[in-house]
Structure formats: C-alpha cells, structure tokens
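Undergrad: Sharing a structure below in structure tokens format, with a few things to ask.
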Amino acid sequence: MQDKVLRLLGLARRAGALTYGQTAVLDEIKKSHSKLIIFSADFNEKTKQKILEACKNIKVITLPCTMEEIAFAIGSKPTGVVSVNHENFKKGILEVSSFEEKEDI
C-alpha cells in the first residue's frame with residue numbers, strides 16, 4: 001500500500017496538487033489550501049509539532065517511509081512533509097492507505 005500512496009503523491013505533484021517542504025506547507029495551511037498533510041517516518045519531531053499546531057481541521061498521516069523515498073516518488077530533494085492540496089487526491093490516498101490518521105489536530 002505504501003507504493004500506491006507514493007505513486008499517488010507523484011501523480012499529485014505532476015498535477016500541481018502537491019506542496020512540499022516545511023515553509024511551503026505552512027503557507028498552504030495558512031491559505032487553507034491543504035486537504036491532507038503527510039509526514040515521513042524520519043521527520044524531525046520538533047518541526048512536526050510546529051506544523052501540527054498550524055493544522056486545525058486537516059487530516060494528518062505519517063507514512064512508514066523515509067524522506068528520501070518520498071523525494072524519489074515526487075521528484076524532489078529529500079523532504080519530510082508534503083501537503084496534498086486537492087480533495088480527490090486526498091480521498092485517493094486515504095482509500096489506499098492503511099495508516100492511522102489523526103483528525104482535528
């Protein structure tokens with residue numbers, strides 16, 4: 001299932017429905033564009049808490065993969081946080097994922 005999620009992330013990136021990196025993700029949250037926030041398993045906990053504080057009614061999941069695996073899937077430099085900015089990609093990722101999601105953080 002992890003592979004399916006990574007493939008959907010790559011597709012979302014090519015469709016322009018994905019933002020990555022701490023600063024860019026925080027900007028998308030502030031603009032209310034984020035539909036789903038995804039963290040890598042090896043993302044810095046202190047930075048993760050900062051982003052989680054900004055999330056209000058946004059779904060959040062943590063993938064059991066590294067920053068490098070996410071980067072390879074989306075064709076970028078290593079990143080530990082991405083924002084899915086389209087409702088259909090959010091639904092698709094949540095459908096194929098079996099990862100525990102957190103609501104109303």
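The chains in the structure tokens are called A, B, ... from first to last as shown; in each chain the residues are counted from 1, and the ligands are counted from 1 in the order shown.
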Pick out the residues sitting within 12 Å of A:Cys55, and hand them over as a PyMOL selection string; count only C-alpha atoms, and ignore anything fewer than 5 positions along from it in its own chain.
TA: chain A and resi 25-38+48-50+60+83+102-105
Undergrad: Just want the 10 Å neighbourhood of A:Gly75, counted on only C-alpha atoms, with same-chain residues fewer than 6 positions away dropped. Output as a PyMOL selection string.
TA: chain A and resi 9-10+13-14+68-69
Undergrad: DSSP on the backbone: what in chain A comes out alpha helix (DSSP H), as a VMD selection string?
TA: chain A and resid 2 to 14 22 to 30 45 to 54 67 to 74 87 to 96
Undergrad: Would you please give, as a ChimeraX atom specification, all residues of stretch 3-90 of chain A that DSSP assigns to strand (DSSP E) based on the backbone?
TA: /A:18-20,36-39,59-62,81-84
Undergrad: Using only C-alpha atoms, which of the listed residues (A:Glu53, A:Gly16, A:Ala41, A:Leu94) sits closest to A:Val81?
TA: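 Checking each of A:Glu53, A:Gly16, A:Ala41, A:Leu94 against A:Val81, counting only C-alpha atoms, the winner is A:Ala41.
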Undergrad: For a quick check of understanding, using only C-alpha atoms, which of A:Leu18, A:Asp3, A:Lys59, A:Ala24 has the smallest distance to A:Lys91?
TA: A:Lys59
Undergrad: Report as a ChimeraX atom specification all protein, DNA and RNA residues lying within 12 Å of stretch 63-67 of chain A, evaluated on only C-alpha atoms, omitting residues in the same chain fewer than 6 positions from it.
TA: /A:1-6,9,20-21,37-44,73-82,93-94,97-101
Undergrad: Take atom CA of A:Gly92 and atom CA of A:Leu8 and report the distance between them in Å, one decimal.
TA: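 Between atom CA of A:Gly92 and atom CA of A:Leu8 the gap works out to 7.6 Å.
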